[in-house]
$ cat coords_21.cif   # mmCIF, C-alpha atoms and all ligand atoms
data_model
#
loop_
_atom_site.label_atom_id
_atom_site.label_comp_id
_atom_site.auth_asym_id
_atom_site.auth_seq_id
_atom_site.Cartn_x
_atom_site.Cartn_y
_atom_site.Cartn_z
CA MET A 1 -8.36 -24.94 4.89
CA ASP A 2 -5.12 -23.57 3.46
CA ALA A 3 -2.10 -23.11 5.77
CA ARG A 4 0.10 -21.25 3.26
CA PRO A 5 1.08 -17.66 4.19
CA ILE A 6 -0.10 -14.47 2.47
CA GLY A 7 2.66 -12.45 0.75
CA ILE A 8 2.66 -8.64 1.10
CA PHE A 9 5.14 -6.25 -0.47
CA ASP A 10 5.95 -2.55 -0.71
CA SER A 11 8.89 -0.37 -1.67
CA GLY A 12 9.60 0.06 2.05
CA ALA A 13 7.73 0.12 5.31
CA GLY A 14 4.49 1.71 4.01
CA GLY A 15 2.87 -1.64 3.26
CA LEU A 16 3.04 -2.43 6.97
CA THR A 17 -0.01 -0.19 7.37
CA VAL A 18 -1.83 -2.70 5.13
CA LEU A 19 -0.34 -5.63 7.08
CA HIS A 20 -1.56 -4.03 10.31
CA GLU A 21 -5.14 -3.91 9.04
CA CYS A 22 -4.81 -7.50 7.74
CA LEU A 23 -3.58 -8.67 11.16
CA VAL A 24 -6.61 -7.09 12.81
CA THR A 25 -9.02 -8.60 10.26
CA LEU A 26 -7.28 -11.97 9.84
CA PRO A 27 -5.44 -12.79 13.11
CA HIS A 28 -5.36 -16.52 12.24
CA GLU A 29 -3.41 -16.10 8.96
CA ASP A 30 0.40 -16.20 8.49
CA PHE A 31 2.04 -13.33 6.58
CA LEU A 32 5.33 -12.93 4.72
CA TYR A 33 6.19 -9.24 4.27
CA LEU A 34 8.87 -7.98 1.89
CA GLY A 35 10.01 -4.32 1.87
CA ASP A 36 12.31 -3.26 -0.97
CA GLY A 37 14.25 -0.82 1.21
CA ALA A 38 17.33 -0.89 -1.05
CA ARG A 39 15.31 0.60 -3.95
CA CYS A 40 12.82 2.82 -2.05
CA PRO A 41 11.25 5.20 -3.09
CA TYR A 42 9.46 3.88 -6.18
CA GLY A 43 7.41 7.06 -6.73
CA PRO A 44 9.96 9.02 -8.83
CA ARG A 45 10.88 5.98 -10.99
CA PRO A 46 9.61 5.23 -14.52
CA HIS A 47 6.70 2.76 -14.74
CA ALA A 48 8.80 0.15 -16.61
CA GLU A 49 11.32 0.04 -13.77
CA ILE A 50 8.62 -0.24 -11.08
CA ARG A 51 7.04 -3.06 -13.14
CA ARG A 52 10.37 -4.92 -13.20
CA PHE A 53 10.88 -4.55 -9.43
CA ALA A 54 7.29 -5.65 -8.67
CA HIS A 55 7.66 -8.67 -10.97
CA GLU A 56 10.88 -9.73 -9.22
CA ILE A 57 9.32 -9.44 -5.75
CA ALA A 58 6.05 -11.16 -6.65
CA SER A 59 7.99 -14.02 -8.33
CA TYR A 60 10.11 -14.39 -5.20
CA LEU A 61 7.03 -14.49 -2.95
CA GLU A 62 5.34 -17.00 -5.25
CA GLN A 63 8.41 -19.24 -5.02
CA GLU A 64 8.24 -18.94 -1.22
CA GLY A 65 4.84 -20.66 -1.48
CA VAL A 66 2.35 -17.89 -0.64
CA LYS A 67 -1.35 -18.43 -1.44
CA LEU A 68 -2.12 -14.79 -2.29
CA ILE A 69 -0.02 -11.67 -2.88
CA VAL A 70 -1.01 -8.18 -1.75
CA ALA A 71 0.74 -5.43 -3.73
CA ALA A 72 0.65 -3.09 -0.71
CA CYS A 73 2.10 -0.22 -2.70
CA ASN A 74 0.01 2.15 -4.81
CA ALA A 75 2.93 2.95 -7.11
CA ALA A 76 3.51 -0.77 -7.83
CA THR A 77 -0.23 -1.42 -8.16
CA SER A 78 -0.65 1.48 -10.62
CA ALA A 79 2.35 0.56 -12.73
CA ALA A 80 2.35 -3.22 -12.55
CA LEU A 81 -0.83 -4.96 -11.35
CA PRO A 82 -2.20 -6.12 -14.74
CA ALA A 83 1.27 -7.30 -15.85
CA LEU A 84 1.76 -9.22 -12.57
CA GLN A 85 -1.63 -10.85 -12.84
CA GLU A 86 -0.85 -11.96 -16.39
CA ALA A 87 2.61 -13.30 -15.53
CA LEU A 88 1.93 -15.17 -12.26
CA ALA A 89 -0.38 -18.01 -11.26
CA VAL A 90 -0.99 -16.86 -7.66
CA PRO A 91 -3.90 -14.39 -7.13
CA ILE A 92 -2.74 -10.79 -6.63
CA VAL A 93 -4.74 -8.08 -4.85
CA GLY A 94 -3.78 -4.43 -5.38
CA VAL A 95 -4.57 -1.38 -3.26
CA LEU A 96 -6.13 0.81 -5.93
CA VAL A 97 -9.54 -0.66 -6.77
CA PRO A 98 -10.71 -1.06 -3.13
CA GLU A 99 -9.83 2.59 -2.45
CA ALA A 100 -11.41 3.97 -5.63
CA HIS A 101 -14.55 1.99 -4.86
CA ALA A 102 -14.74 3.37 -1.30
CA ALA A 103 -14.24 6.95 -2.57
CA VAL A 104 -17.05 6.65 -5.14
CA GLN A 105 -19.35 5.30 -2.43
CA ALA A 106 -18.40 8.08 0.02
CA THR A 107 -18.51 11.22 -2.14
CA ARG A 108 -21.71 13.28 -2.15
CA ASN A 109 -20.64 16.06 -4.52
CA ARG A 110 -18.80 13.60 -6.85
CA ARG A 111 -15.54 15.55 -6.56
CA ILE A 112 -12.77 13.27 -5.38
CA GLY A 113 -9.22 14.34 -4.55
CA LEU A 114 -6.17 12.09 -4.91
CA LEU A 115 -2.86 12.53 -3.08
CA ALA A 116 -0.21 10.00 -4.16
CA THR A 117 3.32 9.59 -5.47
CA GLU A 118 4.32 10.88 -8.91
CA ALA A 119 4.19 7.36 -10.44
CA THR A 120 0.66 6.72 -9.16
CA VAL A 121 -0.69 10.09 -10.32
CA ALA A 122 1.03 9.78 -13.73
CA SER A 123 -0.53 6.34 -14.33
CA GLY A 124 -4.07 7.82 -14.46
CA ARG A 125 -5.34 4.51 -13.02
CA TYR A 126 -7.46 6.08 -10.25
CA GLU A 127 -9.33 8.19 -12.83
CA GLU A 128 -9.95 5.06 -14.94
CA VAL A 129 -11.31 3.01 -12.04
CA VAL A 130 -13.39 5.88 -10.60
CA HIS A 131 -14.91 6.58 -14.03
CA ALA A 132 -15.68 2.88 -14.55
CA LEU A 133 -17.76 3.07 -11.35
CA ASP A 134 -19.22 6.59 -11.83
CA ALA A 135 -18.62 8.25 -15.19
CA GLY A 136 -19.84 11.57 -13.74
CA ALA A 137 -17.35 11.74 -10.86
CA ARG A 138 -14.36 14.06 -11.13
CA VAL A 139 -10.87 13.27 -9.83
CA VAL A 140 -8.44 16.05 -8.93
CA ALA A 141 -4.97 14.51 -8.53
CA VAL A 142 -1.91 16.07 -6.87
CA PRO A 143 1.51 14.32 -6.89
CA CYS A 144 3.29 14.52 -3.51
CA PRO A 145 7.02 13.84 -4.10
CA LYS A 146 8.14 15.13 -0.69
CA LEU A 147 6.03 12.87 1.51
CA VAL A 148 7.51 9.33 1.22
CA PRO A 149 11.14 10.45 1.79
CA LEU A 150 10.09 12.52 4.82
CA ILE A 151 8.00 9.66 6.25
CA GLU A 152 10.76 7.05 5.67
CA ALA A 153 13.18 9.43 7.40
CA GLY A 154 10.86 9.42 10.42
CA ASP A 155 10.19 13.16 10.08
CA VAL A 156 6.87 14.33 11.50
CA GLY A 157 7.87 17.94 12.06
CA GLU A 158 7.12 21.29 10.44
CA GLU A 159 8.50 20.35 7.04
CA LEU A 160 6.04 17.47 6.73
CA ASP A 161 3.14 19.59 7.97
CA ALA A 162 3.97 22.35 5.43
CA ALA A 163 4.24 19.81 2.59
CA VAL A 164 0.85 18.26 3.41
CA ARG A 165 -0.78 21.71 3.53
CA GLU A 166 0.80 22.61 0.16
CA TYR A 167 -0.55 19.42 -1.47
CA ALA A 168 -3.97 19.74 0.20
CA SER A 169 -4.48 23.33 -0.94
CA PRO A 170 -5.49 22.68 -4.62
CA LEU A 171 -7.95 20.00 -3.46
CA ARG A 172 -9.57 22.37 -0.99
CA GLU A 173 -9.85 25.02 -3.73
CA GLU A 174 -11.61 22.49 -5.99
CA GLY A 175 -14.11 21.72 -3.21
CA VAL A 176 -13.55 17.95 -3.09
CA ASP A 177 -15.51 16.26 -0.28
CA THR A 178 -13.53 12.98 -0.37
CA VAL A 179 -9.78 12.47 -0.62
CA ILE A 180 -8.06 9.23 -1.60
CA LEU A 181 -4.75 8.93 0.25
CA GLY A 182 -3.22 6.83 -2.50
CA CYS A 183 0.01 5.70 -0.88
CA THR A 184 0.43 3.07 1.82
CA HIS A 185 2.91 5.29 3.66
CA TYR A 186 0.24 7.91 4.37
CA PRO A 187 -1.82 6.31 7.19
CA ILE A 188 1.16 6.78 9.51
CA ILE A 189 0.63 10.55 9.24
CA ARG A 190 -3.18 10.28 9.41
CA ARG A 191 -3.38 13.09 11.99
CA VAL A 192 -1.52 15.56 9.73
CA PHE A 193 -4.02 14.93 6.89
CA GLU A 194 -6.98 15.16 9.26
CA ARG A 195 -5.83 18.59 10.40
CA ALA A 196 -5.14 19.81 6.85
CA PHE A 197 -8.61 18.83 5.56
CA GLY A 198 -10.83 19.24 8.63
CA ARG A 199 -13.97 17.32 9.58
CA GLY A 200 -15.99 17.95 6.43
CA THR A 201 -13.77 15.82 4.18
CA THR A 202 -13.85 12.01 4.06
CA LEU A 203 -10.35 10.53 3.92
CA VAL A 204 -9.99 7.11 2.24
CA TYR A 205 -6.95 4.98 3.12
CA SER A 206 -5.75 1.99 1.14
CA ALA A 207 -4.88 -0.05 4.25
CA ASP A 208 -8.44 -0.38 5.59
CA GLU A 209 -10.07 -1.02 2.23
CA THR A 210 -7.47 -3.55 1.09
CA ALA A 211 -7.70 -5.66 4.26
CA ARG A 212 -11.42 -6.03 3.60
CA GLU A 213 -10.72 -7.09 -0.01
CA VAL A 214 -8.10 -9.66 1.13
CA ALA A 215 -10.51 -11.20 3.68
CA GLU A 216 -13.30 -11.47 1.09
CA THR A 217 -10.95 -12.97 -1.51
CA LEU A 218 -9.72 -15.68 0.89
CA ALA A 219 -13.28 -16.51 1.93
CA ARG A 220 -14.65 -16.69 -1.61
CA LYS A 221 -11.74 -18.79 -2.87
CA ARG A 222 -12.05 -20.96 0.27
CA VAL A 223 -8.34 -20.69 1.07
CA GLU A 224 -8.62 -19.42 4.65
CA ASN A 225 -6.50 -20.83 7.44
CA ASP A 226 -7.97 -22.44 10.59
CA PRO A 227 -9.85 -19.62 12.42
CA ASP A 228 -8.92 -21.04 15.84
CA ARG A 229 -5.17 -20.63 15.47
CA ASP A 230 -2.86 -17.62 16.08
CA GLY A 231 -1.10 -16.47 12.92
CA SER A 232 2.53 -15.36 12.67
CA SER A 233 4.49 -12.91 10.48
CA ARG A 234 7.94 -13.04 8.84
CA PHE A 235 9.69 -9.89 7.67
CA LEU A 236 12.19 -9.53 4.81
CA THR A 237 13.95 -6.43 3.49
CA THR A 238 16.45 -5.69 0.74
CA GLY A 239 17.72 -2.79 2.85
CA SER A 240 19.12 -2.65 6.38
CA PRO A 241 17.25 -5.06 8.71
CA GLU A 242 17.93 -2.80 11.71
CA GLU A 243 16.52 0.30 9.98
CA PHE A 244 13.53 -1.69 8.81
CA ARG A 245 12.88 -2.97 12.32
CA THR A 246 12.99 0.51 13.89
CA LEU A 247 10.80 2.18 11.25
CA GLY A 248 8.63 -0.91 10.87
CA GLU A 249 7.62 -1.02 14.51
CA ARG A 250 6.35 2.56 14.16
CA PHE A 251 4.30 1.67 11.08
CA LEU A 252 3.01 -1.64 12.41
CA GLN A 253 2.59 -0.49 16.03
CA LEU A 254 3.63 -3.99 17.09
CA PRO A 255 7.03 -5.48 17.98
CA ILE A 256 9.08 -6.90 15.09
CA PRO A 257 11.48 -9.35 16.76
CA GLN A 258 13.41 -10.37 13.66
CA VAL A 259 14.04 -9.04 10.15
CA GLU A 260 15.79 -11.17 7.51
CA GLN A 261 17.76 -9.67 4.64
CA VAL A 262 17.13 -10.74 1.07
CA SER A 263 19.41 -9.43 -1.68
CA VAL A 264 18.20 -7.66 -4.81
CA ARG A 265 20.13 -10.36 -6.72
CA GLU A 266 17.94 -13.09 -5.16
CA LEU A 267 14.84 -11.20 -6.31
CA GLU A 268 16.26 -10.79 -9.82
CA LEU A 269 17.00 -14.52 -9.98
CA ALA A 270 13.44 -15.38 -8.90
CA ALA A 271 12.10 -13.52 -11.95
CA ALA A 272 14.74 -14.80 -14.39
N1 LIG A 301 4.04 2.90 -0.31
C1 LIG A 301 4.33 3.22 -1.68
C2 LIG A 301 3.02 3.57 -2.38
O1 LIG A 301 2.00 3.18 -1.85
C3 LIG A 301 5.40 4.27 -1.67
C4 LIG A 301 5.90 4.62 -2.97
C5 LIG A 301 7.31 5.02 -3.01
O2 LIG A 301 8.16 4.18 -2.69
O3 LIG A 301 7.55 6.14 -3.45
O4 LIG A 301 2.96 4.16 -3.43
#

$ encode --input "coords_21.cif" --output "structure tokens" --more "lines below"
Ligand code: DGL
Amino acid sequence: MDARPIGIFDSGAGGLTVLHECLVTLPHEDFLYLGDGARCPYGPRPHAEIRRFAHEIASYLEQEGVKLIVAACNAATSAALPALQEALAVPIVGVLVPEAHAAVQATRNRRIGLLATEATVASGRYEEVVHALDAGARVVAVPCPKLVPLIEAGDVGEELDAAVREYASPLREEGVDTVILGCTHYPIIRRVFERAFGRGTTLVYSADETAREVAETLARKRVENDPDRDGSSRFLTTGSPEEFRTLGERFLQLPIPQVEQVSVRELELAAA
């Protein structure tokens, strides 16, 4: 039995879609969520900068005493996961491998689409992991710079719909039968993707696949909490707590009674 919380982080509120799935799968665990609202979005930033931010946050969470960290951000996972795993003692689960694995299992024509931020697409990590599992599978990747800012702004109108259709179009032309939605912000607009791709395409989301990976990791390492208890969650942001709470409740689909602010300086000090 291990009563320590699980740390989860993202550039903003997107990782709450992963937390939501974790809460459903692991209702007896405690969670500490950190959204880096002050520096969101990560997608347009260089990999070295994303690596630095991810290292600061993971160091902070480690010092808060978490037993496992979930990098609930595809951009941070793509740019930083190996470096984080080398630098820190606590186990770190990313969102990329579980999703790539699910896509390889799901595809029948071995043509897989990827929609993600610029940083994630530029890293080429999905191609590497997919090819490690099936060297004959093809990945068609499209960067989607408009989506995270529109989602964080709470926009679900025509502009978002048009952007999704624009990004989906090259994947439809290539005849992919499975699409990896490689950004933890995307499940919140699940319906928009479903309409753009139709019934014939399997959509793979990081939130569902990662929650499964977290549950298996805790079980295999034997660091689960008491299954008969009710878990709790704490929320931290580097941005505005009020904005995080409003947007966060939409992502999590649960009430967020309190959000604490942590400064970027505190994160920098944790990694110093
Ligand atoms: N949720 C992050 C991801 O999964 C968003 C990236 C961003 O901040 O641009 O990639």

$ residues_around --input "coords_21.cif" --residues "Ile180 in chain A" --least-positions-apart "2" --cutoff "9 Å" --atoms "all atoms listed in the file" --output "list in words"
Glu99, Ala100, Ala102, Ala103, Ile112, Gly113, Leu114, Leu115, Ala116, Thr178, Gly182, Cys183, Thr202, Leu203, Val204, Tyr205 and Ser206 of chain A

$ axis_aligned_box --input "coords_21.cif" --around "range 9-14 of chain A" --padding-each-side "3 Å" --output "lines of an AutoDock Vina configuration file"
center_x = 7.0
center_y = -2.3
center_z = 1.8
size_x = 11.1
size_y = 14.0
size_z = 13.0

$ residues_around --input "coords_21.cif" --residues "range 40-49 of chain A" --least-positions-apart "3" --cutoff "6 Å" --atoms "all atoms listed in the file" --output "list of chain:residue names"
A:Ser11, A:Gly12, A:Gly37, A:Arg52, A:Ala79, A:Thr117, A:Glu118, A:Ala119

$ closest_residue --input "coords_21.cif" --among "A:Arg138, A:Glu174, A:Glu209, A:Gly157" --to "His101 in chain A" --atoms "all atoms listed in the file"
A:Glu209

$ residues_around --input "coords_21.cif" --residues "Val93 in chain A" --least-positions-apart "2" --cutoff "10 Å" --atoms "all atoms listed in the file" --output "number ranges by chain"
A: 8, 68-72, 77, 81, 85, 90-91, 95-98, 210-211, 213-214, 217

$ closest_residue --input "coords_21.cif" --among "A:Pro5, A:Gly65, A:Pro187, A:Pro27" --to "ligand LIG 301 (chain A)" --atoms "all atoms listed in the file"
A:Pro187

$ atom_distance --input "coords_21.cif" --atom1 "CA of Leu34 in chain A" --atom2 "CA of Gly14 in chain A"
10.8 Å

$ closest_residue --input "coords_21.cif" --among "A:Ala196, A:Ala163, A:Asp2, A:Phe9" --to "Leu236 in chain A" --atoms "all atoms listed in the file"
A:Phe9

$ atom_distance --input "coords_21.cif" --atom1 "CA of Lys221 in chain A" --atom2 "CA of Tyr33 in chain A"
21.5 Å

$ residues_around --input "coords_21.cif" --residues "Ala153 in chain A" --least-positions-apart "3" --cutoff "12 Å" --atoms "only C-alpha atoms" --output "PDB file with C-alpha atoms, in the frame of the given file"
ATOM      1  CA  GLY A  12       9.600   0.060   2.050  1.00  0.00           C
ATOM      2  CA  ALA A  13       7.730   0.120   5.310  1.00  0.00           C
ATOM      3  CA  CYS A  40      12.820   2.820  -2.050  1.00  0.00           C
ATOM      4  CA  PRO A  41      11.250   5.200  -3.090  1.00  0.00           C
ATOM      5  CA  LYS A 146       8.140  15.130  -0.690  1.00  0.00           C
ATOM      6  CA  LEU A 147       6.030  12.870   1.510  1.00  0.00           C
ATOM      7  CA  VAL A 148       7.510   9.330   1.220  1.00  0.00           C
ATOM      8  CA  PRO A 149      11.140  10.450   1.790  1.00  0.00           C
ATOM      9  CA  LEU A 150      10.090  12.520   4.820  1.00  0.00           C
ATOM     10  CA  VAL A 156       6.870  14.330  11.500  1.00  0.00           C
ATOM     11  CA  GLY A 157       7.870  17.940  12.060  1.00  0.00           C
ATOM     12  CA  GLU A 159       8.500  20.350   7.040  1.00  0.00           C
ATOM     13  CA  LEU A 160       6.040  17.470   6.730  1.00  0.00           C
ATOM     14  CA  HIS A 185       2.910   5.290   3.660  1.00  0.00           C
ATOM     15  CA  GLU A 243      16.520   0.300   9.980  1.00  0.00           C
ATOM     16  CA  PHE A 244      13.530  -1.690   8.810  1.00  0.00           C
ATOM     17  CA  THR A 246      12.990   0.510  13.890  1.00  0.00           C
ATOM     18  CA  LEU A 247      10.800   2.180  11.250  1.00  0.00           C
ATOM     19  CA  GLY A 248       8.630  -0.910  10.870  1.00  0.00           C
ATOM     20  CA  ARG A 250       6.350   2.560  14.160  1.00  0.00           C
TER      21      ARG A 250
END

$ build_atoms --input "coords_21.cif" --residues "range 163-196 of chain A" --atoms "N, CA and C atoms" --output "compact mmCIF listing (two decimals), in the coordinates of the input"
# COMPACT_ATOMS: atom_id res chain seq x y z
N ALA A 163 4.40 20.52 3.86
CA ALA A 163 4.24 19.81 2.59
C ALA A 163 2.81 19.32 2.42
N VAL A 164 2.23 18.77 3.49
CA VAL A 164 0.85 18.26 3.41
C VAL A 164 -0.11 19.42 3.11
N ARG A 165 0.09 20.55 3.77
CA ARG A 165 -0.78 21.71 3.53
C ARG A 165 -0.67 22.19 2.08
N GLU A 166 0.57 22.18 1.56
CA GLU A 166 0.80 22.61 0.16
C GLU A 166 0.03 21.69 -0.80
N TYR A 167 0.11 20.37 -0.57
CA TYR A 167 -0.55 19.42 -1.47
C TYR A 167 -2.07 19.43 -1.29
N ALA A 168 -2.52 19.73 -0.07
CA ALA A 168 -3.97 19.74 0.20
C ALA A 168 -4.64 20.97 -0.40
N SER A 169 -3.87 22.05 -0.55
CA SER A 169 -4.48 23.33 -0.94
C SER A 169 -5.26 23.28 -2.28
N PRO A 170 -4.68 22.72 -3.38
CA PRO A 170 -5.49 22.68 -4.62
C PRO A 170 -6.76 21.85 -4.49
N LEU A 171 -6.76 20.84 -3.63
CA LEU A 171 -7.95 20.00 -3.46
C LEU A 171 -9.03 20.77 -2.71
N ARG A 172 -8.60 21.56 -1.73
CA ARG A 172 -9.57 22.37 -0.99
C ARG A 172 -10.19 23.40 -1.91
N GLU A 173 -9.33 24.01 -2.78
CA GLU A 173 -9.85 25.02 -3.73
C GLU A 173 -10.87 24.42 -4.68
N GLU A 174 -10.68 23.16 -5.06
CA GLU A 174 -11.61 22.49 -5.99
C GLU A 174 -12.87 21.98 -5.28
N GLY A 175 -12.91 22.10 -3.96
CA GLY A 175 -14.11 21.72 -3.21
C GLY A 175 -14.37 20.23 -3.16
N VAL A 176 -13.32 19.39 -3.19
CA VAL A 176 -13.55 17.95 -3.09
C VAL A 176 -14.11 17.63 -1.69
N ASP A 177 -15.00 16.63 -1.61
CA ASP A 177 -15.51 16.26 -0.28
C ASP A 177 -14.93 14.93 0.18
N THR A 178 -14.13 14.28 -0.69
CA THR A 178 -13.53 12.98 -0.37
C THR A 178 -12.12 12.98 -0.93
N VAL A 179 -11.17 12.50 -0.15
CA VAL A 179 -9.78 12.47 -0.62
C VAL A 179 -9.23 11.05 -0.49
N ILE A 180 -8.73 10.52 -1.61
CA ILE A 180 -8.06 9.23 -1.60
C ILE A 180 -6.61 9.47 -1.21
N LEU A 181 -6.16 8.85 -0.12
CA LEU A 181 -4.75 8.93 0.25
C LEU A 181 -4.09 7.71 -0.40
N GLY A 182 -3.60 7.93 -1.62
CA GLY A 182 -3.22 6.83 -2.50
C GLY A 182 -1.79 6.40 -2.36
N CYS A 183 -1.34 6.19 -1.13
CA CYS A 183 0.01 5.70 -0.88
C CYS A 183 -0.02 5.03 0.48
N THR A 184 0.54 3.82 0.56
CA THR A 184 0.43 3.07 1.82
C THR A 184 1.31 3.64 2.93
N HIS A 185 2.15 4.61 2.60
CA HIS A 185 2.91 5.29 3.66
C HIS A 185 2.03 6.31 4.41
N TYR A 186 0.95 6.75 3.81
CA TYR A 186 0.24 7.91 4.37
C TYR A 186 -0.53 7.67 5.67
N PRO A 187 -1.06 6.45 5.93
CA PRO A 187 -1.82 6.31 7.19
C PRO A 187 -1.00 6.63 8.44
N ILE A 188 0.32 6.51 8.34
CA ILE A 188 1.16 6.78 9.51
C ILE A 188 1.12 8.27 9.88
N ILE A 189 0.77 9.12 8.91
CA ILE A 189 0.63 10.55 9.24
C ILE A 189 -0.84 10.99 9.12
N ARG A 190 -1.72 10.06 9.44
CA ARG A 190 -3.18 10.28 9.41
C ARG A 190 -3.57 11.61 10.06
N ARG A 191 -2.99 11.88 11.24
CA ARG A 191 -3.38 13.09 11.99
C ARG A 191 -3.03 14.37 11.22
N VAL A 192 -1.94 14.36 10.49
CA VAL A 192 -1.52 15.56 9.73
C VAL A 192 -2.54 15.83 8.61
N PHE A 193 -2.99 14.76 7.93
CA PHE A 193 -4.02 14.93 6.89
C PHE A 193 -5.34 15.39 7.49
N GLU A 194 -5.70 14.80 8.63
CA GLU A 194 -6.98 15.16 9.26
C GLU A 194 -7.01 16.64 9.57
N ARG A 195 -5.88 17.17 10.04
CA ARG A 195 -5.83 18.59 10.40
C ARG A 195 -5.84 19.46 9.15
N ALA A 196 -5.19 19.01 8.08
CA ALA A 196 -5.14 19.81 6.85
C ALA A 196 -6.51 19.89 6.18
